[in-house]
>>> print(open('my_file.pdb').read())   # PDB, C-alpha atoms
MODEL        1
ATOM      1  CA  MET A   1     -11.135  15.545   1.155  1.00  0.00           C
ATOM      2  CA  ASP A   2     -13.667  12.740   0.774  1.00  0.00           C
ATOM      3  CA  GLN A   3     -12.831   9.525  -1.090  1.00  0.00           C
ATOM      4  CA  ASP A   4     -14.259  10.783  -4.394  1.00  0.00           C
ATOM      5  CA  ALA A   5     -12.068  13.877  -4.173  1.00  0.00           C
ATOM      6  CA  ILE A   6      -9.036  11.751  -3.334  1.00  0.00           C
ATOM      7  CA  ARG A   7      -9.778   9.493  -6.317  1.00  0.00           C
ATOM      8  CA  ARG A   8      -9.997  12.507  -8.628  1.00  0.00           C
ATOM      9  CA  ALA A   9      -6.784  13.918  -7.163  1.00  0.00           C
ATOM     10  CA  TRP A  10      -4.927  10.681  -7.902  1.00  0.00           C
ATOM     11  CA  ASP A  11      -6.350  10.559 -11.427  1.00  0.00           C
ATOM     12  CA  ASP A  12      -5.005  14.086 -11.966  1.00  0.00           C
ATOM     13  CA  ILE A  13      -1.447  13.358 -10.808  1.00  0.00           C
ATOM     14  CA  ALA A  14      -1.033   9.653 -11.684  1.00  0.00           C
ATOM     15  CA  GLU A  15       1.245  10.253 -14.663  1.00  0.00           C
ATOM     16  CA  THR A  16       3.383  12.858 -12.881  1.00  0.00           C
ATOM     17  CA  TYR A  17       3.776  10.619  -9.833  1.00  0.00           C
ATOM     18  CA  ALA A  18       4.795   7.667 -12.002  1.00  0.00           C
ATOM     19  CA  ARG A  19       7.321   9.778 -13.888  1.00  0.00           C
ATOM     20  CA  ARG A  20       8.965  11.299 -10.793  1.00  0.00           C
ATOM     21  CA  ARG A  21       9.380   8.151  -8.738  1.00  0.00           C
ATOM     22  CA  ASP A  22      12.747   6.418  -8.788  1.00  0.00           C
ATOM     23  CA  PRO A  23      12.086   2.752  -9.707  1.00  0.00           C
ATOM     24  CA  THR A  24      15.021   1.626  -7.529  1.00  0.00           C
ATOM     25  CA  GLY A  25      15.759   1.943  -3.828  1.00  0.00           C
ATOM     26  CA  SER A  26      16.084  -0.131  -0.697  1.00  0.00           C
ATOM     27  CA  ASP A  27      12.333  -0.214  -0.052  1.00  0.00           C
ATOM     28  CA  ALA A  28      12.067  -2.446  -3.152  1.00  0.00           C
ATOM     29  CA  ASP A  29      14.576  -4.809  -1.477  1.00  0.00           C
ATOM     30  CA  LEU A  30      12.081  -5.361   1.337  1.00  0.00           C
ATOM     31  CA  LEU A  31       9.923  -7.231  -1.172  1.00  0.00           C
ATOM     32  CA  ASP A  32      12.641  -9.893  -1.387  1.00  0.00           C
ATOM     33  CA  ASP A  33      12.419 -10.346   2.396  1.00  0.00           C
ATOM     34  CA  LEU A  34       8.646 -10.617   2.130  1.00  0.00           C
ATOM     35  CA  THR A  35       8.528 -13.124  -0.718  1.00  0.00           C
ATOM     36  CA  ALA A  36      11.294 -15.305   0.773  1.00  0.00           C
ATOM     37  CA  ASP A  37       8.845 -16.489   3.436  1.00  0.00           C
ATOM     38  CA  LEU A  38       5.850 -17.000   1.143  1.00  0.00           C
ATOM     39  CA  PRO A  39       4.719 -20.330  -0.333  1.00  0.00           C
ATOM     40  CA  PRO A  40       5.537 -21.166  -3.971  1.00  0.00           C
ATOM     41  CA  ASP A  41       3.425 -19.191  -6.470  1.00  0.00           C
ATOM     42  CA  PRO A  42       1.877 -16.927  -3.830  1.00  0.00           C
ATOM     43  CA  THR A  43      -1.073 -14.613  -4.305  1.00  0.00           C
ATOM     44  CA  VAL A  44      -0.027 -11.084  -3.341  1.00  0.00           C
ATOM     45  CA  LEU A  45      -2.246  -8.014  -3.107  1.00  0.00           C
ATOM     46  CA  ASP A  46      -0.558  -4.648  -3.710  1.00  0.00           C
ATOM     47  CA  VAL A  47      -2.750  -1.896  -2.266  1.00  0.00           C
ATOM     48  CA  GLY A  48      -2.296   1.560  -3.757  1.00  0.00           C
ATOM     49  CA  CYS A  49      -0.425   0.021  -6.682  1.00  0.00           C
ATOM     50  CA  GLY A  50      -0.566   3.140  -8.885  1.00  0.00           C
ATOM     51  CA  ASP A  51       1.295   2.561 -12.149  1.00  0.00           C
ATOM     52  CA  GLY A  52       2.660  -0.741 -10.809  1.00  0.00           C
ATOM     53  CA  ALA A  53       6.344  -0.051 -11.483  1.00  0.00           C
ATOM     54  CA  ARG A  54       7.520   0.326  -7.914  1.00  0.00           C
ATOM     55  CA  THR A  55       5.955  -2.630  -6.108  1.00  0.00           C
ATOM     56  CA  LEU A  56       3.570  -4.693  -8.223  1.00  0.00           C
ATOM     57  CA  ALA A  57       6.150  -5.331 -10.959  1.00  0.00           C
ATOM     58  CA  ASN A  58       8.618  -6.654  -8.364  1.00  0.00           C
ATOM     59  CA  LEU A  59       6.287  -9.264  -6.903  1.00  0.00           C
ATOM     60  CA  SER A  60       6.075 -12.892  -7.997  1.00  0.00           C
ATOM     61  CA  GLY A  61       3.216 -15.338  -8.300  1.00  0.00           C
ATOM     62  CA  GLU A  62      -0.347 -14.161  -8.823  1.00  0.00           C
ATOM     63  CA  ARG A  63      -0.310 -10.386  -8.492  1.00  0.00           C
ATOM     64  CA  ILE A  64      -3.359  -8.292  -7.691  1.00  0.00           C
ATOM     65  CA  GLY A  65      -3.092  -4.518  -7.878  1.00  0.00           C
ATOM     66  CA  LEU A  66      -5.712  -2.427  -6.092  1.00  0.00           C
ATOM     67  CA  ASP A  67      -5.987   1.313  -6.483  1.00  0.00           C
ATOM     68  CA  ILE A  68      -8.639   4.001  -6.134  1.00  0.00           C
ATOM     69  CA  SER A  69      -7.418   5.732  -9.307  1.00  0.00           C
ATOM     70  CA  ARG A  70      -8.605   4.531 -12.698  1.00  0.00           C
ATOM     71  CA  ARG A  71      -5.754   6.405 -14.392  1.00  0.00           C
ATOM     72  CA  GLY A  72      -3.208   4.738 -12.140  1.00  0.00           C
ATOM     73  CA  LEU A  73      -4.609   1.334 -13.082  1.00  0.00           C
ATOM     74  CA  GLU A  74      -4.474   2.198 -16.780  1.00  0.00           C
ATOM     75  CA  LEU A  75      -0.759   2.877 -16.347  1.00  0.00           C
ATOM     76  CA  ALA A  76      -0.358  -0.362 -14.381  1.00  0.00           C
ATOM     77  CA  ARG A  77      -1.996  -2.305 -17.224  1.00  0.00           C
ATOM     78  CA  ASP A  78       0.893  -1.221 -19.468  1.00  0.00           C
ATOM     79  CA  THR A  79       3.562  -1.827 -16.800  1.00  0.00           C
ATOM     80  CA  VAL A  80       2.355  -5.188 -15.438  1.00  0.00           C
ATOM     81  CA  PRO A  81       0.049  -6.630 -18.126  1.00  0.00           C
ATOM     82  CA  ASP A  82      -0.315 -10.025 -16.435  1.00  0.00           C
ATOM     83  CA  ALA A  83      -1.511  -8.610 -13.093  1.00  0.00           C
ATOM     84  CA  HIS A  84      -5.140  -8.655 -12.043  1.00  0.00           C
ATOM     85  CA  LEU A  85      -6.157  -5.016 -11.443  1.00  0.00           C
ATOM     86  CA  VAL A  86      -9.026  -3.808  -9.278  1.00  0.00           C
ATOM     87  CA  GLN A  87     -10.357  -0.288  -8.779  1.00  0.00           C
ATOM     88  CA  ALA A  88     -11.580  -0.085  -5.195  1.00  0.00           C
ATOM     89  CA  ASP A  89     -11.350   1.710  -1.876  1.00  0.00           C
ATOM     90  CA  MET A  90      -8.982  -0.037   0.541  1.00  0.00           C
ATOM     91  CA  THR A  91     -11.574   0.218   3.327  1.00  0.00           C
ATOM     92  CA  ALA A  92     -13.632  -2.381   1.407  1.00  0.00           C
ATOM     93  CA  VAL A  93     -11.316  -4.785  -0.438  1.00  0.00           C
ATOM     94  CA  PRO A  94     -13.388  -6.867  -2.891  1.00  0.00           C
ATOM     95  CA  LEU A  95     -11.601 -10.167  -2.182  1.00  0.00           C
ATOM     96  CA  ALA A  96     -12.638 -13.253  -0.235  1.00  0.00           C
ATOM     97  CA  ASP A  97     -11.537 -13.937   3.339  1.00  0.00           C
ATOM     98  CA  GLY A  98      -8.092 -15.536   3.559  1.00  0.00           C
ATOM     99  CA  SER A  99      -7.544 -15.343  -0.199  1.00  0.00           C
ATOM    100  CA  VAL A 100      -4.043 -13.804  -0.344  1.00  0.00           C
ATOM    101  CA  ASP A 101      -0.661 -14.797   1.052  1.00  0.00           C
ATOM    102  CA  ALA A 102       0.639 -11.265   1.442  1.00  0.00           C
ATOM    103  CA  VAL A 103      -0.477  -7.648   1.274  1.00  0.00           C
ATOM    104  CA  THR A 104       1.805  -4.753   0.398  1.00  0.00           C
ATOM    105  CA  ALA A 105       0.764  -1.133   0.968  1.00  0.00           C
ATOM    106  CA  TYR A 106       3.601   1.252   0.144  1.00  0.00           C
ATOM    107  CA  HIS A 107       2.859   4.923   0.860  1.00  0.00           C
ATOM    108  CA  ALA A 108      -0.867   4.207   0.640  1.00  0.00           C
ATOM    109  CA  VAL A 109      -2.811   4.073   3.910  1.00  0.00           C
ATOM    110  CA  PHE A 110      -2.000   7.663   4.881  1.00  0.00           C
ATOM    111  CA  HIS A 111      -4.242   8.829   2.032  1.00  0.00           C
ATOM    112  CA  VAL A 112      -7.244   7.494   4.010  1.00  0.00           C
ATOM    113  CA  PRO A 113      -8.670   9.650   6.836  1.00  0.00           C
ATOM    114  CA  ARG A 114      -7.052   8.495  10.061  1.00  0.00           C
ATOM    115  CA  ASP A 115     -10.382   7.727  11.738  1.00  0.00           C
ATOM    116  CA  ARG A 116     -11.009   5.136   8.989  1.00  0.00           C
ATOM    117  CA  GLN A 117      -7.553   3.582   8.957  1.00  0.00           C
ATOM    118  CA  PRO A 118      -8.493   0.866  11.496  1.00  0.00           C
ATOM    119  CA  GLU A 119     -11.045  -0.345   8.905  1.00  0.00           C
ATOM    120  CA  VAL A 120      -8.217  -0.673   6.384  1.00  0.00           C
ATOM    121  CA  TYR A 121      -6.117  -2.815   8.715  1.00  0.00           C
ATOM    122  CA  ARG A 122      -9.110  -5.029   9.513  1.00  0.00           C
ATOM    123  CA  GLU A 123      -9.622  -5.514   5.780  1.00  0.00           C
ATOM    124  CA  PHE A 124      -5.961  -6.466   5.339  1.00  0.00           C
ATOM    125  CA  ASP A 125      -6.299  -8.979   8.175  1.00  0.00           C
ATOM    126  CA  ARG A 126      -9.509 -10.376   6.667  1.00  0.00           C
ATOM    127  CA  VAL A 127      -8.133 -11.073   3.178  1.00  0.00           C
ATOM    128  CA  LEU A 128      -4.815 -12.518   4.416  1.00  0.00           C
ATOM    129  CA  SER A 129      -4.354 -16.237   4.954  1.00  0.00           C
ATOM    130  CA  GLN A 130      -3.612 -17.317   8.523  1.00  0.00           C
ATOM    131  CA  ASP A 131       0.137 -17.378   7.807  1.00  0.00           C
ATOM    132  CA  GLY A 132       0.005 -14.248   5.634  1.00  0.00           C
ATOM    133  CA  THR A 133       2.175 -11.171   6.021  1.00  0.00           C
ATOM    134  CA  LEU A 134       1.463  -7.474   5.598  1.00  0.00           C
ATOM    135  CA  LEU A 135       4.215  -5.061   4.552  1.00  0.00           C
ATOM    136  CA  LEU A 136       3.403  -1.366   4.680  1.00  0.00           C
ATOM    137  CA  THR A 137       4.883   2.075   5.154  1.00  0.00           C
ATOM    138  CA  LEU A 138       4.764   3.259   8.736  1.00  0.00           C
ATOM    139  CA  PRO A 139       4.038   6.990   9.191  1.00  0.00           C
ATOM    140  CA  SER A 140       6.530   8.985  11.235  1.00  0.00           C
ATOM    141  CA  GLY A 141       4.208  11.635  12.627  1.00  0.00           C
ATOM    142  CA  ARG A 142       0.646  12.674  13.384  1.00  0.00           C
ATOM    143  CA  PHE A 143      -1.019  14.816  10.719  1.00  0.00           C
ATOM    144  CA  GLU A 144      -4.119  15.448   8.631  1.00  0.00           C
ATOM    145  CA  THR A 145      -3.684  17.932   5.812  1.00  0.00           C
ATOM    146  CA  VAL A 146      -4.200  18.714   2.157  1.00  0.00           C
ATOM    147  CA  ARG A 147      -0.935  19.595   0.403  1.00  0.00           C
ATOM    148  CA  GLU A 148      -1.494  22.063  -2.394  1.00  0.00           C
ATOM    149  CA  GLY A 149       0.873  21.750  -5.347  1.00  0.00           C
ATOM    150  CA  TRP A 150       1.957  18.198  -4.457  1.00  0.00           C
ATOM    151  CA  MET A 151       3.067  16.578  -7.727  1.00  0.00           C
ATOM    152  CA  GLY A 152       1.434  19.507  -9.481  1.00  0.00           C
ATOM    153  CA  GLY A 153      -1.961  18.861  -7.902  1.00  0.00           C
ATOM    154  CA  ARG A 154      -3.371  18.583  -4.409  1.00  0.00           C
ATOM    155  CA  MET A 155      -3.348  15.570  -2.142  1.00  0.00           C
ATOM    156  CA  PHE A 156      -4.756  14.475   1.207  1.00  0.00           C
ATOM    157  CA  PHE A 157      -2.438  13.012   3.866  1.00  0.00           C
ATOM    158  CA  SER A 158      -3.495  11.672   7.254  1.00  0.00           C
ATOM    159  CA  SER A 159      -1.900   9.733  10.102  1.00  0.00           C
ATOM    160  CA  PRO A 160      -2.628   9.122  13.796  1.00  0.00           C
ATOM    161  CA  GLY A 161       1.130   8.734  14.395  1.00  0.00           C
ATOM    162  CA  ARG A 162       3.569   5.842  14.428  1.00  0.00           C
ATOM    163  CA  ASP A 163       2.673   4.323  17.791  1.00  0.00           C
ATOM    164  CA  ARG A 164      -1.065   4.632  17.245  1.00  0.00           C
ATOM    165  CA  THR A 165      -0.695   2.970  13.846  1.00  0.00           C
ATOM    166  CA  LEU A 166       1.101   0.042  15.471  1.00  0.00           C
ATOM    167  CA  ASP A 167      -1.740  -0.149  18.011  1.00  0.00           C
ATOM    168  CA  HIS A 168      -4.280  -0.224  15.161  1.00  0.00           C
ATOM    169  CA  LEU A 169      -2.388  -3.112  13.576  1.00  0.00           C
ATOM    170  CA  ARG A 170      -2.406  -5.061  16.839  1.00  0.00           C
ATOM    171  CA  ASP A 171      -6.120  -4.354  17.307  1.00  0.00           C
ATOM    172  CA  ALA A 172      -6.748  -5.720  13.799  1.00  0.00           C
ATOM    173  CA  GLY A 173      -5.084  -9.018  14.722  1.00  0.00           C
ATOM    174  CA  PHE A 174      -1.429  -8.514  13.830  1.00  0.00           C
ATOM    175  CA  ASP A 175       0.610  -9.467  16.879  1.00  0.00           C
ATOM    176  CA  THR A 176       4.024  -9.945  15.254  1.00  0.00           C
ATOM    177  CA  LEU A 177       5.481  -6.605  14.149  1.00  0.00           C
ATOM    178  CA  ARG A 178       8.993  -5.977  12.805  1.00  0.00           C
ATOM    179  CA  THR A 179      10.149  -2.622  11.438  1.00  0.00           C
ATOM    180  CA  GLU A 180      12.818  -1.714   8.872  1.00  0.00           C
ATOM    181  CA  THR A 181      13.994   1.656   7.542  1.00  0.00           C
ATOM    182  CA  ALA A 182      14.602   2.060   3.816  1.00  0.00           C
ATOM    183  CA  THR A 183      14.838   4.715   1.128  1.00  0.00           C
ATOM    184  CA  ASP A 184      11.536   5.524  -0.534  1.00  0.00           C
ATOM    185  CA  PRO A 185      10.690   6.309  -4.186  1.00  0.00           C
ATOM    186  CA  LEU A 186      11.063  10.064  -3.764  1.00  0.00           C
ATOM    187  CA  GLY A 187      14.534   9.903  -2.229  1.00  0.00           C
ATOM    188  CA  SER A 188      13.838  10.173   1.508  1.00  0.00           C
ATOM    189  CA  ARG A 189      13.907   7.469   4.173  1.00  0.00           C
ATOM    190  CA  SER A 190      10.789   5.776   5.522  1.00  0.00           C
ATOM    191  CA  GLU A 191      10.036   3.150   8.122  1.00  0.00           C
ATOM    192  CA  PHE A 192       8.199  -0.007   7.067  1.00  0.00           C
ATOM    193  CA  VAL A 193       6.537  -2.691   9.137  1.00  0.00           C
ATOM    194  CA  PHE A 194       6.203  -6.426   8.517  1.00  0.00           C
ATOM    195  CA  ALA A 195       3.037  -7.502  10.302  1.00  0.00           C
ATOM    196  CA  GLY A 196       1.923 -11.075  10.883  1.00  0.00           C
ATOM    197  CA  ARG A 197       0.319 -13.368  13.394  1.00  0.00           C
ATOM    198  CA  ALA A 198       2.108 -15.521  15.953  1.00  0.00           C
TER
ENDMDL
END
>>> encode(input="my_file.pdb", output="structure tokens")
Amino acid sequence: MDQDAIRRAWDDIAETYARRRDPTGSDADLLDDLTADLPPDPTVLDVGCGDGARTLANLSGERIGLDISRRGLELARDTVPDAHLVQADMTAVPLADGSVDAVTAYHAVFHVPRDRQPEVYREFDRVLSQDGTLLLTLPSGRFETVREGWMGGRMFFSSPGRDRTLDHLRDAGFDTLRTETATDPLGSRSEFVFAGRA
């Protein structure tokens, strides 16, 4: 699927995805660990924010939600009315260099073709301040597929694998990596990585 097809797919399932996700879980607790080390009133970018209930709503300071789906952002406007919302592709984040203190990307990057994922991590590095931190879901396997019937629609998933993803993060400039395992919004367990610079 190309990016336009992925955008349309997310528009089609945005409401179903928002309805089926559990708004609680230990992956939300990781946000407390992230924000504990941020400056007062931080600027945080949530990539793949969707309806905003899971991650964006649990962040403090100036919140920016980025998503490819217009419908997802419409839902986020109702959920987090004070957030700044941006419709964009995560391979080209429309923010200035060093303009955010943290980036979150929960269950997001694996919807980008794996050969373009290094671009995403370079963009995250670019928009983060020097002391900024990235928190994202770490894929467990290597795959590239379209899942028919997912959330009542069809969705693209892609990953070069866990170790290759960590290599991509290092190549993008993140040399401090710490992983945690937590329950995700759909009831399974996922690994997450806190990525920063020494």
>>> residues_near_point(input="my_file.pdb", point="(-3.9, 16.3, -4.0)", cutoff="9 Å", atoms="all atoms listed in the file", output="list of chain:residue names")
A:Met1, A:Ala5, A:Ile6, A:Arg8, A:Ala9, A:Trp10, A:Asp12, A:Ile13, A:Val146, A:Arg147, A:Glu148, A:Gly149, A:Trp150, A:Met151, A:Gly152, A:Gly153, A:Arg154, A:Met155, A:Phe156, A:Phe157
>>> resolve_selection(input="my_file.pdb", expression="the PyMOL selection byres ((chain A and resi 187-193) around 7)", output="number ranges by chain")
A: 135-138, 177-186, 194-195
>>> resolve_selection(input="my_file.pdb", expression="the PyMOL selection byres ((chain A and resi 174) around 7)", output="PyMOL selection string")
chain A and resi 169-170+172-173+175-176+195-197
>>> resolve_selection(input="my_file.pdb", expression="the PyMOL selection byres ((chain A and resi 75-86) around 8)", output="list in words")
Glu15, Cys49, Gly50, Asp51, Gly52, Ala53, Leu56, Ala57, Glu62, Arg63, Ile64, Gly65, Leu66, Asp67, Arg71, Gly72, Leu73, Glu74, Gln87 and Ala88 of chain A
>>> closest_residue(input="my_file.pdb", among="A:Gly98, A:Arg54, A:Arg114, A:Asp171", to="Ala18 in chain A", atoms="only C-alpha atoms")
A:Arg54
>>> atom_distance(input="my_file.pdb", atom1="CA of Leu45 in chain A", atom2="CA of Asp97 in chain A")
12.8 Å
>>> residues_around(input="my_file.pdb", residues="Leu128 in chain A", least_positions_apart="2", cutoff="9 Å", atoms="all atoms listed in the file", output="NGL selection string")
:A and (97-103 or 123-126 or 130-134)
>>> write_last_selection(input="my_file.pdb", atoms="C-alpha atoms", output="mmCIF file, keeping the file's coordinate frame")
data_model
loop_
_atom_site.group_PDB
_atom_site.id
_atom_site.type_symbol
_atom_site.label_atom_id
_atom_site.label_comp_id
_atom_site.auth_asym_id
_atom_site.auth_seq_id
_atom_site.Cartn_x
_atom_site.Cartn_y
_atom_site.Cartn_z
ATOM 1 C CA ASP A 97 -11.537 -13.937 3.339
ATOM 2 C CA GLY A 98 -8.092 -15.536 3.559
ATOM 3 C CA SER A 99 -7.544 -15.343 -0.199
ATOM 4 C CA VAL A 100 -4.043 -13.804 -0.344
ATOM 5 C CA ASP A 101 -0.661 -14.797 1.052
ATOM 6 C CA ALA A 102 0.639 -11.265 1.442
ATOM 7 C CA VAL A 103 -0.477 -7.648 1.274
ATOM 8 C CA GLU A 123 -9.622 -5.514 5.780
ATOM 9 C CA PHE A 124 -5.961 -6.466 5.339
ATOM 10 C CA ASP A 125 -6.299 -8.979 8.175
ATOM 11 C CA ARG A 126 -9.509 -10.376 6.667
ATOM 12 C CA GLN A 130 -3.612 -17.317 8.523
ATOM 13 C CA ASP A 131 0.137 -17.378 7.807
ATOM 14 C CA GLY A 132 0.005 -14.248 5.634
ATOM 15 C CA THR A 133 2.175 -11.171 6.021
ATOM 16 C CA LEU A 134 1.463 -7.474 5.598
#
>>> atom_distance(input="my_file.pdb", atom1="CA of Asn58 in chain A", atom2="CA of Asp46 in chain A")
10.5 Å
>>> atom_distance(input="my_file.pdb", atom1="CA of Val127 in chain A", atom2="CA of Tyr17 in chain A")
28.0 Å
>>> closest_residue(input="my_file.pdb", among="A:Phe110, A:Ser26, A:Ser129, A:Gly48", to="Met90 in chain A", atoms="all atoms listed in the file")
A:Gly48
>>> build_atoms(input="my_file.pdb", residues="range 43-58 of chain A", atoms="N, CA and C atoms", output="short mmCIF file (atom, residue, chain, number, x, y, z; two decimals), in the coordinates of the input")
data_model
loop_
_atom_site.label_atom_id
_atom_site.label_comp_id
_atom_site.auth_asym_id
_atom_site.auth_seq_id
_atom_site.Cartn_x
_atom_site.Cartn_y
_atom_site.Cartn_z
N THR A 43 -0.17 -15.67 -3.86
CA THR A 43 -1.07 -14.61 -4.30
C THR A 43 -0.80 -13.40 -3.43
N VAL A 44 -0.41 -12.28 -4.08
CA VAL A 44 -0.03 -11.08 -3.34
C VAL A 44 -0.88 -9.91 -3.81
N LEU A 45 -1.45 -9.20 -2.84
CA LEU A 45 -2.25 -8.01 -3.11
C LEU A 45 -1.40 -6.78 -2.85
N ASP A 46 -1.28 -5.91 -3.86
CA ASP A 46 -0.56 -4.65 -3.71
C ASP A 46 -1.59 -3.53 -3.66
N VAL A 47 -1.75 -2.94 -2.49
CA VAL A 47 -2.75 -1.90 -2.27
C VAL A 47 -2.14 -0.53 -2.54
N GLY A 48 -2.84 0.28 -3.33
CA GLY A 48 -2.30 1.56 -3.76
C GLY A 48 -1.21 1.35 -4.79
N CYS A 49 -1.47 0.44 -5.74
CA CYS A 49 -0.42 0.02 -6.68
C CYS A 49 -0.02 1.11 -7.66
N GLY A 50 -0.90 2.10 -7.92
CA GLY A 50 -0.57 3.14 -8.88
C GLY A 50 -0.20 2.55 -10.23
N ASP A 51 0.89 3.03 -10.82
CA ASP A 51 1.30 2.56 -12.15
C ASP A 51 1.93 1.18 -12.12
N GLY A 52 2.18 0.63 -10.94
CA GLY A 52 2.66 -0.74 -10.81
C GLY A 52 4.16 -0.93 -10.88
N ALA A 53 4.91 0.12 -11.24
CA ALA A 53 6.34 -0.05 -11.48
C ALA A 53 7.13 -0.28 -10.21
N ARG A 54 6.71 0.34 -9.12
CA ARG A 54 7.52 0.33 -7.91
C ARG A 54 7.40 -0.97 -7.12
N THR A 55 6.17 -1.48 -6.97
CA THR A 55 5.96 -2.63 -6.11
C THR A 55 5.38 -3.81 -6.88
N LEU A 56 4.27 -3.60 -7.55
CA LEU A 56 3.57 -4.69 -8.22
C LEU A 56 4.48 -5.43 -9.20
N ALA A 57 5.27 -4.71 -9.96
CA ALA A 57 6.15 -5.33 -10.96
C ALA A 57 7.25 -6.17 -10.33
N ASN A 58 7.54 -5.94 -9.05
CA ASN A 58 8.62 -6.65 -8.36
C ASN A 58 8.13 -7.82 -7.51
#
